[in-house]
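Undergrad: I have a structure here, written as structure tokens, and I will follow up with some questions on it.
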Amino acid sequence: MFDPLPTQSWNYETAAHLLNRAAFGGTPEEVESVRKQGLAATLRHLLDETVEAANIPAPAWAHPENIKEQRMEIRAAKEEGGEAIDKMKEFRRRQGENLLDLRRWWLERLATTPAPLLEKMTLFWHGHFATSAEKVQNGYWMWLQNDTLRRHALGNFVTLTKAMSRDPAMMIYLDLQQSRREHPNENWARELMELFTVGIGNYSENDIRESARAFTGYRVDMTNQQFRFAPRQRDDGAKNFMGKTGDLSGDEIIDILARQPACSKFIARKLWRFFADDEPSPQIVDALAARIRGHNYEIRPVLREMFSSAQFYARGALRSQIKSPVQYLVQTTKLLATDLPAPAVAQNAMRQMGQILFAPPNVKGWDGGKSWVSTSTLLFRYNFANYLINGDAMRPAGDRGKQKGADLGFRRGARMAEIPPRAPLDVARIIPAELRDKPNDLVAHLCQRLFGTPGPEKERTAFIGFLEKRRPDTSDQAMRELLHLMMSTPQFQLT
Amino acid sequence: METTLHTRRRFLRTSALGAAAAWTLPVFLEKTFFALDAMAADAPTQAITGKDATILVVLQMAGGNDGLNMVVPYADDIYYRSRPKLALPADKILKLDSYAGLNGKLTGLKSLFDEGHLAVVQGVGYPNPNRSHFRSTEIWQTASDAERNESQGWLGKYFDSCCAGADPTVGVAIGEQMPQAFVAKTPTGVTFSKPEQFRWQPSEKMAGAMSEEEAFFRQLNGIDDQAAAPADGGSINTIAGRNRADQSAFDFLQRTALDAQLSSDKILAIARKYKSTVPYPPGPLAASLSMIARMIAGGLPTRVYYASQGGFDTHAGQLNAHDRLMSGFNDALSAFVADLKQQGNFDRVVLMTFSEFGRRVAENANGGTDHGAAAPMFVLGGRVRPGLFGKHPSLSDLDHGDLKFNTDFRGVYGTILEKWLKAPSEMVLGRKFAGLPLIG
């Protein structure tokens with residue numbers, strides 16, 4: 001039931017919609033260039049030209065270590081007393097630093113990648129195969145999982161699921177690492193069905209028990225932090241799973257799950273919610289699920305059909321999605337033509353907005369949609385916009401600990417004092433000099449840039465009113481205040 | 001499709017924008033607004049007449065509090081044998097009965113116990129205890145079985161099922177991040193460490209006067225001050241289901257922006273107006289409790305407050321560290337109770353403590369303790385039934401070196417929901433748990 005988008009419907013608005021959803025938005029110039037390029041060519045670029053994205057180097061510290069040896073050293077030191085605490089503290093401090101750097105690395109990548117859809121799908125899978133560093137407690141493992149998600153992001157879902165069953169971070173997060181022949185741990189088996197493939201109501205408790213046996217023997221080798229198969233830990237007896245009986249392997253369990261119609265529907269619903277519309281109709285879910293089955297779970301052609309469909313560009317869908325915190329931050333830096341904030345500031349801001357990369361709240365991932373917004377997170381977004389625009393220039397020199405600009409409520413401490421101050425936004429980058437004293441034109445220009453639309457009349461009138469009131473002041477500061485006002489609106493939270 | 005109408009807005013009238021231009025109001029907001037307005041108008045009246053609803057304060061002791069050194073089995077030899085370095089001498093214990101007593105630092109809590117305002121629930125936990133901070137905290141916050149993953153918090157489910165349409169300040173968490181316990185289908189509750197952060201901050205702060213920018217921000221998020229109310233003005237009931245599925249994302253955002261503005265104004269006004277005359281000790285927990293006391297004094301229509309104290313993960317050098325934690329806890333709570341008593345609000349408040357797990361019975365080689373299982377909870381307040389509840393867990397019948405629980409924590413939650421918040425506990429907890437006679 002997917003109808004291709006009629007050629008005449010490809011215009012500035014639909015081009016902007018594609019960039020908002022399949023990427024992280026674009027400036028008016030970028031939207032215009034995509035419009036000129038056409039839908040098919042743009043999708044080729046987004047879906048096929050993803051190789052160069054791999055050129056962004058991994059963080060220097062992201063390599064395997066001999067965890068076993070480190071643990072033994074800590075244990076030995078423990079027995080001698082005293083020093084062990086320092087060693088453990090040092091170990092934890094390093095993990096904390098790596099994690100902060102990992103978040104910097106991914107945010108930079110999200111903001112600068114030439115292949116934004118690849119990153120967006122990686123983010124989608126991160127929320128789907130949600131795994132938290134809070135439990136995994138290791139930067140390398142989190143990086144490795146991210147790398148695996150990216151390598152399969154536009155590839156095959158079944159292959160990706162199998163890769164996740166062997167992913168050390170996932171194995172630790174869902175206790176597969178602890179599963180033994182005599183005591184199969186059911187955590188991974190349960191979530192594999194409930195959250196990763198078929199969804200609740202489409203399996204039995206017996207299916208969980210039997211499939212947990214099939215995944216025994218999966219181990220993480222602590223000497224090199226990689227997956228290893230331990231045949232002696234494997235339960236090689238017959239398993240009875242969803243009507244099939246035999247000595248089923250973990251991969252065979254995943255193959256059986258993928259053949260269930262519920263699986264394609266589950267993925268279809270999630271994809272549509274993430275990219276198109278928070279509340280997909282059953283018809284849309286069925287149509288997309290049929291395409292997923294038709295393409296044998298190959299994600300690239302499914303996305304191509306989805307982004308080419310008239311349904312994806314339905315009127316009600318345009319500018320109706322509440323930006324996730326990642327989208328908010330990345331899109332905002334693009335629209336303001338400014339840099340990401342310092343890593344520690346970004347990490348704290350993401351925490352307060354409710355989306356900490358590498359630390360989803362639980363194995364269900366982020367709910368998305370309206371759950372991003374509460375009175376607290378909305379006010380925080382408004383005040384964070386203040387920080388992004390005005391920086392902390394108002395922080396008096398010599399007293400770096402005290403902020404006079406937006407008070408974002410971050411923990412004070414030695415680490416905060418090391419954060420470089422942020423300069424106020426260079427407004428000349430986005431506001432042409434000749435528009436400064438033309439309130440109507442300036443507001444129209446900025447509405448187009450920030451909202452992708454002229455915006456509701458009420459707001460437009462207010463912005464113009466603000467400029468009129470400020471006249472003849474057309475200083476950078478007045479411009480920044482206007483920008484802050486424009487970003488302190490419901491409209492700016494939508495994409 | 002979008003009928004607009006004029007209406008009035010009480011708080012705008014009192015703001016600096018007396019002569020605001022005429023803004024139109026989306027129809028969905030109209031009833032809502034009148035209800036909120038009516039509620040805001042009612043709140044101070046309720047506070048003064050003392051007819052306000054009951055209040056729950058949840059206090060999280062994060063990191064895994066050593067229950068055995070908080071409620072000490074001073075009469076048990078096994079306690080002293082298991083903890084040669086860490087066991088607290090019996091003569092320092094504030095005895096509650098012939099077997100157990102409070103850590104010597106908890107003098108204020110002992111007085112409360114003697115006055116009849118403290119219930120100590122012993123041996124609280126859940127089946128198949130998890131020893132990961134992350135996971136066990138999640139279990140306590142979502143009130144789920146250890147085998148199930150749930151995203152919504154138990155207080156979030158309470159807000160969803162029992163407080164639909166309520167003011168967003170129905171839940172207030174003091175801290176940097178909303179506790180998972182507050183996570184709800186309809187995002188409810190506000191989180192802040194300082195009230196100054198829970199407000200829209202203009203680019204430039206002007207001493208005394210409101211900046212142009214702020215005036216326009218208020219105008220943008222405000223509602224017209226011109227015309228009269230429609231006849232069917234609406235009541236609180238009409239705003240039930242504030243996050244209806246058919247509400248568009250834009251309407252929802254507008255609604256939240258208005259909520260944020262209203263509650264931010266209210267919280268800031270209270271924070272400015274109400275100062276406590278009771279002295280609080282230094283430290284973050286005392287600061288949080290003092291803020292909560294001010295919000296209660298100011299009549300914020302909040303049912304649940306949330307505060308936390310960190311640092312309980314005492315793997316090494318526990319003796320001094322835990323003593324300091326107990327002192328901080330005791331002094332902050334004592335000040336809070338004194339403050340509430342002075343306000344005349346002690347009878348309206350129940351405070352409940354919890355930690356994600358207790359610690360292992362035996363001490364480790366570093367003069368600390370490792371992650372354990374069952375531990376006690378405190379429930380205190382003017383109308384709490386005092387005493388020791390539940391059995392103290394046996395120190396010899398252990399599960400992998402850990403205490404076995406005999407009271408499910410959801411029994412405590414359920415009791416508080418039913419008896420204190422007057423909420424049907426099954427709707428929140430999914431099923432019925434055996435209650436305790438803690439409140440009555």
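Following the order of the structure tokens, chains are lettered A, B, ..., residues in each are numbered from 1, and ligands are numbered from 1.
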With a cut-off of 6 Å and counting only C-alpha atoms, select all residues of chain B in contact with chain A and give the selection as a list in words.
TA: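 Here is what falls inside 6 Å: Gln177, Pro187, Val190, Thr191, Gln201, Leu253, Gln254, Thr256 and Ala260 of chain B.
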Undergrad: Using only C-alpha atoms, which protein or nucleic acid residues come within 8 Å of B:Gly311? Drop anything in the same chain fewer than 3 positions from it, and give the result as a list in words.
TA: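 Everything that qualifies: Ala62, Gly63, Thr314 and Leu325 of chain B.
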Undergrad: Could you save the residues just selected, with N, CA and C atoms, as a PDB file, in the first residue's frame?
TA:
```
ATOM      1  N   ALA B  62      21.435   6.242  48.356  1.00  0.00           N
ATOM      2  CA  ALA B  62      21.974   5.631  47.146  1.00  0.00           C
ATOM      3  C   ALA B  62      23.339   4.998  47.370  1.00  0.00           C
ATOM      4  N   GLY B  63      23.494   3.809  46.820  1.00  0.00           N
ATOM      5  CA  GLY B  63      24.782   3.117  46.887  1.00  0.00           C
ATOM      6  C   GLY B  63      24.716   1.817  47.668  1.00  0.00           C
ATOM      7  N   THR B 314      29.992   1.545  50.527  1.00  0.00           N
ATOM      8  CA  THR B 314      31.167   1.534  51.389  1.00  0.00           C
ATOM      9  C   THR B 314      31.935   0.219  51.311  1.00  0.00           C
ATOM     10  N   LEU B 325      27.939   9.342  57.343  1.00  0.00           N
ATOM     11  CA  LEU B 325      26.667   9.295  56.615  1.00  0.00           C
ATOM     12  C   LEU B 325      25.490   9.258  57.584  1.00  0.00           C
TER      13      LEU B 325
END
```
Undergrad: Could you pull out the residues in stretch 134-256 of chain A that DSSP calls helix (DSSP H, G or I) from the backbone, as a compact mmCIF listing (two decimals) with N, CA and C atoms, in the first residue's frame?
TA:
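Output (selection.txt):
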```txt
# COMPACT_ATOMS: atom_id res chain seq x y z
N GLU A 134 26.26 1.91 32.47
CA GLU A 134 26.10 1.88 33.92
C GLU A 134 26.35 0.48 34.44
N LYS A 135 25.97 -0.51 33.66
CA LYS A 135 26.23 -1.88 34.10
C LYS A 135 27.49 -2.44 33.47
N VAL A 136 27.72 -2.11 32.20
CA VAL A 136 28.86 -2.69 31.49
C VAL A 136 30.18 -2.14 32.02
N GLY A 139 34.50 1.38 28.64
CA GLY A 139 34.41 2.20 27.44
C GLY A 139 34.64 1.40 26.17
N TYR A 140 35.64 0.50 26.20
CA TYR A 140 35.94 -0.26 24.98
C TYR A 140 34.74 -1.10 24.55
N TRP A 141 34.15 -1.79 25.50
CA TRP A 141 33.00 -2.63 25.15
C TRP A 141 31.86 -1.80 24.57
N MET A 142 31.63 -0.62 25.13
CA MET A 142 30.55 0.23 24.62
C MET A 142 30.90 0.72 23.21
N TRP A 143 32.18 1.06 23.02
CA TRP A 143 32.60 1.49 21.68
C TRP A 143 32.44 0.37 20.67
N LEU A 144 32.86 -0.84 21.07
CA LEU A 144 32.80 -2.00 20.19
C LEU A 144 31.35 -2.26 19.75
N GLN A 145 30.43 -2.16 20.71
CA GLN A 145 29.03 -2.38 20.36
C GLN A 145 28.55 -1.32 19.36
N ASN A 146 28.95 -0.08 19.62
CA ASN A 146 28.56 1.01 18.73
C ASN A 146 29.08 0.76 17.31
N ASP A 147 30.30 0.28 17.24
CA ASP A 147 30.93 -0.01 15.95
C ASP A 147 30.18 -1.15 15.24
N THR A 148 29.79 -2.16 15.99
CA THR A 148 29.05 -3.28 15.41
C THR A 148 27.68 -2.81 14.92
N LEU A 149 27.02 -1.98 15.74
CA LEU A 149 25.71 -1.45 15.32
C LEU A 149 25.85 -0.67 14.02
N ARG A 150 26.91 0.11 13.92
CA ARG A 150 27.09 0.94 12.72
C ARG A 150 27.38 0.07 11.51
N ARG A 151 28.20 -0.96 11.70
CA ARG A 151 28.55 -1.82 10.55
C ARG A 151 27.32 -2.51 9.98
N HIS A 152 26.34 -2.80 10.84
CA HIS A 152 25.14 -3.49 10.35
C HIS A 152 23.94 -2.56 10.23
N PHE A 157 18.86 -7.12 9.41
CA PHE A 157 18.45 -7.14 10.82
C PHE A 157 18.77 -8.47 11.49
N VAL A 158 18.60 -9.57 10.76
CA VAL A 158 18.84 -10.88 11.36
C VAL A 158 20.33 -11.04 11.68
N THR A 159 21.15 -10.61 10.75
CA THR A 159 22.60 -10.66 10.97
C THR A 159 22.99 -9.80 12.16
N LEU A 160 22.38 -8.61 12.23
CA LEU A 160 22.67 -7.70 13.35
C LEU A 160 22.27 -8.34 14.68
N THR A 161 21.10 -8.99 14.71
CA THR A 161 20.64 -9.60 15.96
C THR A 161 21.61 -10.71 16.40
N LYS A 162 22.08 -11.48 15.42
CA LYS A 162 23.07 -12.51 15.75
C LYS A 162 24.36 -11.88 16.28
N ALA A 163 24.76 -10.79 15.66
CA ALA A 163 25.97 -10.10 16.13
C ALA A 163 25.77 -9.59 17.56
N MET A 164 24.55 -9.13 17.86
CA MET A 164 24.29 -8.65 19.22
C MET A 164 24.34 -9.79 20.24
N SER A 165 23.94 -10.97 19.82
CA SER A 165 23.98 -12.11 20.76
C SER A 165 25.42 -12.45 21.12
N PRO A 168 29.97 -8.41 23.43
CA PRO A 168 30.33 -8.47 24.85
C PRO A 168 29.51 -7.52 25.74
N ALA A 169 29.29 -6.28 25.29
CA ALA A 169 28.53 -5.33 26.12
C ALA A 169 27.13 -5.87 26.38
N MET A 170 26.48 -6.35 25.30
CA MET A 170 25.14 -6.91 25.44
C MET A 170 25.15 -8.14 26.34
N MET A 171 26.16 -8.99 26.15
CA MET A 171 26.23 -10.23 26.94
C MET A 171 26.39 -9.94 28.43
N ILE A 172 27.11 -8.87 28.73
CA ILE A 172 27.27 -8.50 30.13
C ILE A 172 26.00 -7.84 30.64
N TYR A 173 25.43 -6.96 29.80
CA TYR A 173 24.24 -6.22 30.22
C TYR A 173 23.08 -7.16 30.53
N LEU A 176 24.10 -12.79 29.74
CA LEU A 176 24.37 -13.98 28.94
C LEU A 176 25.74 -14.53 29.33
N GLN A 177 26.62 -13.65 29.70
CA GLN A 177 27.96 -14.00 30.15
C GLN A 177 27.92 -14.96 31.34
N GLN A 178 26.83 -14.85 32.13
CA GLN A 178 26.75 -15.69 33.33
C GLN A 178 25.98 -16.98 33.10
N ASN A 187 17.71 -14.02 31.10
CA ASN A 187 17.53 -12.58 30.86
C ASN A 187 17.63 -12.23 29.37
N TRP A 188 18.72 -12.64 28.73
CA TRP A 188 18.89 -12.35 27.30
C TRP A 188 17.77 -12.98 26.48
N ALA A 189 17.46 -14.25 26.77
CA ALA A 189 16.45 -14.96 25.99
C ALA A 189 15.10 -14.23 26.05
N ARG A 190 14.77 -13.76 27.26
CA ARG A 190 13.49 -13.07 27.43
C ARG A 190 13.47 -11.77 26.63
N GLU A 191 14.52 -10.95 26.79
CA GLU A 191 14.51 -9.66 26.11
C GLU A 191 14.66 -9.81 24.59
N LEU A 192 15.38 -10.86 24.19
CA LEU A 192 15.48 -11.13 22.74
C LEU A 192 14.09 -11.20 22.13
N MET A 193 13.17 -11.86 22.85
CA MET A 193 11.82 -12.00 22.31
C MET A 193 10.94 -10.80 22.63
N GLU A 194 11.00 -10.35 23.86
CA GLU A 194 10.08 -9.27 24.26
C GLU A 194 10.44 -7.94 23.60
N LEU A 195 11.72 -7.62 23.52
CA LEU A 195 12.11 -6.27 23.11
C LEU A 195 12.88 -6.19 21.80
N PHE A 196 13.48 -7.30 21.36
CA PHE A 196 14.33 -7.20 20.18
C PHE A 196 13.71 -7.78 18.92
N GLU A 205 6.53 -18.82 28.11
CA GLU A 205 7.59 -18.95 29.10
C GLU A 205 8.48 -20.15 28.75
N ASN A 206 7.87 -21.18 28.17
CA ASN A 206 8.66 -22.34 27.76
C ASN A 206 9.65 -21.98 26.65
N ASP A 207 9.21 -21.12 25.72
CA ASP A 207 10.12 -20.66 24.67
C ASP A 207 11.34 -19.97 25.28
N ILE A 208 11.11 -19.21 26.37
CA ILE A 208 12.22 -18.53 27.02
C ILE A 208 13.19 -19.55 27.61
N ARG A 209 12.65 -20.51 28.32
CA ARG A 209 13.52 -21.50 28.97
C ARG A 209 14.31 -22.30 27.94
N GLU A 210 13.64 -22.71 26.88
CA GLU A 210 14.31 -23.55 25.88
C GLU A 210 15.38 -22.76 25.12
N SER A 211 15.04 -21.51 24.77
CA SER A 211 16.01 -20.75 23.99
C SER A 211 17.20 -20.33 24.85
N ALA A 212 16.96 -20.13 26.15
CA ALA A 212 18.08 -19.80 27.04
C ALA A 212 19.12 -20.92 26.98
N ARG A 213 18.65 -22.16 26.86
CA ARG A 213 19.58 -23.30 26.77
C ARG A 213 20.39 -23.23 25.47
N ALA A 214 19.74 -22.73 24.41
CA ALA A 214 20.42 -22.68 23.12
C ALA A 214 21.57 -21.66 23.11
N PRO A 231 32.57 -24.57 24.07
CA PRO A 231 31.73 -25.74 23.75
C PRO A 231 31.33 -26.53 25.00
N ARG A 232 32.23 -26.57 25.99
CA ARG A 232 31.91 -27.38 27.17
C ARG A 232 30.80 -26.78 28.02
N GLN A 233 30.57 -25.48 27.88
CA GLN A 233 29.49 -24.84 28.63
C GLN A 233 28.16 -24.97 27.90
N GLY A 250 21.92 -20.94 19.03
CA GLY A 250 21.43 -19.57 19.24
C GLY A 250 21.03 -18.93 17.92
N ASP A 251 21.86 -19.10 16.89
CA ASP A 251 21.55 -18.51 15.58
C ASP A 251 20.26 -19.08 15.01
N GLU A 252 20.05 -20.38 15.24
CA GLU A 252 18.80 -20.98 14.73
C GLU A 252 17.57 -20.42 15.45
N ILE A 253 17.73 -20.13 16.73
CA ILE A 253 16.63 -19.50 17.48
C ILE A 253 16.29 -18.15 16.83
N ILE A 254 17.32 -17.37 16.53
CA ILE A 254 17.09 -16.06 15.93
C ILE A 254 16.45 -16.20 14.54
N ASP A 255 16.88 -17.20 13.78
CA ASP A 255 16.26 -17.43 12.47
C ASP A 255 14.77 -17.76 12.62
N ILE A 256 14.44 -18.60 13.60
CA ILE A 256 13.03 -18.97 13.80
C ILE A 256 12.23 -17.71 14.19
```
Undergrad: Find the spatial neighbours of stretch 93-102 of chain A, counting only C-alpha atoms, within a cut-off of 7 Å - ignore same-chain residues fewer than 3 positions away - and output them as a ChimeraX atom specification.
TA: /A:89-90,105-106,137-139,343
Undergrad: Write the selection just made, keeping C-alpha atoms, as a compact mmCIF listing (two decimals), in the first residue's frame?
TA:
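After the write, selection.txt holds the following:
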```txt
# COMPACT_ATOMS: atom_id res chain seq x y z
CA LYS A 89 39.81 4.32 41.99
CA GLU A 90 42.29 4.78 39.16
CA TRP A 105 33.33 11.10 19.90
CA TRP A 106 29.82 10.02 18.94
CA GLN A 137 31.31 -0.24 33.07
CA ASN A 138 33.79 -0.31 30.22
CA GLY A 139 34.41 2.20 27.44
CA PRO A 343 32.10 17.29 26.30
```
Undergrad: Compile the contact shell of stretch 7-14 of chain A as a list of chain:residue names: residues with an atom at most 10 Å away, counting only C-alpha atoms, same-chain residues fewer than 4 positions apart removed.
TA: A:Leu18, A:Leu19, A:Asn20, A:Pro28, A:Val31, A:Glu32, A:Ser33, A:Val34, A:Arg35, A:Lys36, A:Gly38, A:Leu39, A:Ala310, A:Phe312, A:Tyr313, A:Ala314, A:Arg315, A:Leu318, A:Arg319, A:Gly452, A:Thr453
Undergrad: Could you pull the residues within 12 Å of stretch 77-87 of chain B, counting only C-alpha atoms, minus those fewer than 4 positions along the same chain, as a ChimeraX atom specification?
TA: /B:66,68-73,91-93,99-100,103,314-323,359-369,393-398,401-403
Undergrad: Restricting it to N, CA and C atoms, dump the selection as a CSV table (one decimal), in the first residue's frame.
TA:
```
chain,number,residue,atom,x,y,z
B,66,ASP,N,24.4,0.1,54.5
B,66,ASP,CA,24.6,-1.0,55.3
B,66,ASP,C,23.6,-1.1,56.4
B,68,LEU,N,22.8,-3.3,58.5
B,68,LEU,CA,23.2,-4.0,59.7
B,68,LEU,C,23.9,-3.0,60.7
B,69,ASN,N,24.5,-1.9,60.1
B,69,ASN,CA,25.1,-0.9,61.0
B,69,ASN,C,24.2,0.3,61.1
B,70,MET,N,23.0,0.2,60.6
B,70,MET,CA,22.0,1.2,60.9
B,70,MET,C,21.0,0.8,61.9
B,71,VAL,N,20.4,-0.4,61.7
B,71,VAL,CA,19.6,-1.1,62.7
B,71,VAL,C,20.4,-2.3,63.2
B,72,VAL,N,21.0,-2.2,64.3
B,72,VAL,CA,22.1,-3.1,64.7
B,72,VAL,C,21.6,-4.3,65.5
B,73,PRO,N,21.8,-5.6,65.2
B,73,PRO,CA,21.4,-6.7,66.0
B,73,PRO,C,22.5,-6.9,67.1
B,91,ASP,N,27.3,-1.1,73.7
B,91,ASP,CA,27.0,0.0,74.6
B,91,ASP,C,26.8,1.3,73.9
B,92,LYS,N,27.1,1.3,72.6
B,92,LYS,CA,26.9,2.6,71.8
B,92,LYS,C,25.6,2.5,71.1
B,93,ILE,N,24.9,1.4,71.2
B,93,ILE,CA,23.7,1.2,70.4
B,93,ILE,C,22.5,1.8,71.1
B,99,TYR,N,16.9,-7.1,71.1
B,99,TYR,CA,17.8,-7.6,70.1
B,99,TYR,C,18.4,-6.6,69.2
B,100,ALA,N,17.6,-5.6,68.8
B,100,ALA,CA,18.1,-4.6,67.8
B,100,ALA,C,18.1,-3.2,68.3
B,103,ASN,N,22.0,2.7,65.2
B,103,ASN,CA,23.3,3.2,65.2
B,103,ASN,C,23.4,4.4,66.2
B,314,THR,N,30.0,1.5,50.5
B,314,THR,CA,31.2,1.5,51.4
B,314,THR,C,31.9,0.2,51.3
B,315,HIS,N,32.7,0.1,50.2
B,315,HIS,CA,33.5,-1.2,50.0
B,315,HIS,C,34.7,-1.2,50.9
B,316,ALA,N,35.2,0.0,51.3
B,316,ALA,CA,36.4,0.1,52.0
B,316,ALA,C,36.4,1.2,53.1
B,317,GLY,N,37.1,1.0,54.1
B,317,GLY,CA,37.1,2.0,55.2
B,317,GLY,C,35.8,2.5,55.6
B,318,GLN,N,34.9,1.5,55.9
B,318,GLN,CA,33.5,1.9,56.1
B,318,GLN,C,33.2,2.6,57.4
B,319,LEU,N,34.0,2.2,58.5
B,319,LEU,CA,33.6,2.6,59.8
B,319,LEU,C,33.4,4.1,59.9
B,320,ASN,N,34.4,4.9,59.5
B,320,ASN,CA,34.2,6.3,59.6
B,320,ASN,C,33.2,6.9,58.6
B,321,ALA,N,33.3,6.3,57.4
B,321,ALA,CA,32.5,6.8,56.3
B,321,ALA,C,31.0,6.6,56.7
B,322,HIS,N,30.7,5.5,57.2
B,322,HIS,CA,29.3,5.2,57.4
B,322,HIS,C,28.8,6.0,58.6
B,323,ASP,N,29.7,6.2,59.6
B,323,ASP,CA,29.3,7.1,60.8
B,323,ASP,C,29.0,8.5,60.3
B,359,ARG,N,24.0,-4.6,52.8
B,359,ARG,CA,25.3,-5.1,52.5
B,359,ARG,C,25.5,-6.5,53.1
B,360,ARG,N,26.6,-7.1,52.7
B,360,ARG,CA,26.9,-8.5,53.1
B,360,ARG,C,27.1,-8.5,54.6
B,361,VAL,N,26.7,-9.6,55.2
B,361,VAL,CA,26.8,-9.7,56.7
B,361,VAL,C,28.3,-9.6,57.1
B,362,ALA,N,29.2,-10.4,56.4
B,362,ALA,CA,30.6,-10.4,56.8
B,362,ALA,C,31.3,-9.2,56.2
B,363,GLU,N,32.2,-8.6,56.9
B,363,GLU,CA,33.0,-7.5,56.4
B,363,GLU,C,34.0,-8.1,55.4
B,364,ASN,N,34.6,-7.2,54.5
B,364,ASN,CA,35.6,-7.7,53.6
B,364,ASN,C,37.0,-7.4,54.1
B,365,ALA,N,38.0,-7.6,53.3
B,365,ALA,CA,39.4,-7.5,53.8
B,365,ALA,C,39.8,-6.0,53.9
B,366,ASN,N,39.0,-5.1,53.3
B,366,ASN,CA,39.4,-3.7,53.3
B,366,ASN,C,38.6,-2.9,54.3
B,367,GLY,N,38.1,-3.5,55.3
B,367,GLY,CA,37.4,-2.8,56.3
B,367,GLY,C,36.1,-2.2,55.7
B,368,GLY,N,35.5,-2.9,54.8
B,368,GLY,CA,34.3,-2.4,54.2
B,368,GLY,C,33.3,-3.6,54.0
B,369,THR,N,32.2,-3.4,53.3
B,369,THR,CA,31.3,-4.5,53.1
B,369,THR,C,30.9,-4.4,51.6
B,393,PRO,N,16.1,-10.2,60.1
B,393,PRO,CA,16.5,-11.4,59.4
B,393,PRO,C,17.6,-12.1,60.2
B,394,SER,N,17.5,-13.4,60.1
B,394,SER,CA,18.5,-14.3,60.8
B,394,SER,C,19.9,-14.0,60.2
B,395,LEU,N,20.9,-14.0,61.1
B,395,LEU,CA,22.3,-13.9,60.7
B,395,LEU,C,22.9,-15.2,60.4
B,396,SER,N,22.2,-16.3,60.7
B,396,SER,CA,22.8,-17.6,60.4
B,396,SER,C,22.2,-18.2,59.2
B,397,ASP,N,21.0,-18.0,58.9
B,397,ASP,CA,20.3,-18.5,57.7
B,397,ASP,C,20.4,-17.6,56.6
B,398,LEU,N,21.5,-17.7,55.9
B,398,LEU,CA,21.8,-16.7,54.8
B,398,LEU,C,21.7,-17.2,53.4
B,401,GLY,N,25.6,-15.6,51.7
B,401,GLY,CA,26.3,-14.7,52.6
B,401,GLY,C,25.4,-13.4,52.9
B,402,ASP,N,24.2,-13.4,52.4
B,402,ASP,CA,23.3,-12.2,52.5
B,402,ASP,C,22.1,-12.6,53.3
B,403,LEU,N,21.6,-11.5,54.0
B,403,LEU,CA,20.3,-11.6,54.7
B,403,LEU,C,19.2,-11.9,53.8
```
Undergrad: For B:Thr142, find every residue with an atom within 12 Å (counting only C-alpha atoms), except residues of its own chain fewer than 4 positions away, and show them as a ChimeraX atom specification.
TA: /A:361-362 /B:135-138,146,148-158,179-184,356,409-410,413,428-430
Undergrad: Write out as a ChimeraX atom specification the residues lying within 8 Å of A:Met479, counting only C-alpha atoms and excluding same-chain residues fewer than 5 positions away.
TA: /A:427,436,474
Undergrad: Generate a file of the selected residues that holds C-alpha atoms, formatted as a PDB file, in the first residue's frame.
TA:
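Output below, filename part.pdb:
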```pdb
ATOM      1  CA  VAL A 427      25.390  36.066  14.825  1.00  0.00           C
ATOM      2  CA  ARG A 436      19.193  43.613  11.119  1.00  0.00           C
ATOM      3  CA  THR A 474      20.267  46.086  16.435  1.00  0.00           C
TER       4      THR A 474
END
```
Undergrad: Extract the full set of strand (DSSP E) residues from stretch 116-252 of chain A according to DSSP on the backbone, and format it as a PyMOL selection string.
TA: chain A and resi 218-221+226-229+239-241+244-246
Undergrad: Quick one: pull the distance between atom CA of A:Asn202 and atom CA of B:Gln141, Å, one decimal.
TA: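 These two atoms are separated by 27.3 Å.
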Undergrad: Atom CA of B:Pro424 and atom CA of B:Ser161 are how many Å apart?
TA: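 Atom CA of B:Ser161 lies at a distance of 9.1 Å from atom CA of B:Pro424.
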Undergrad: Measuring atom to atom with only C-alpha atoms, identify which of A:Gln355, A:Ser249, A:Ser204, A:Gln311 is nearest to A:Gln283.
TA: A:Gln311
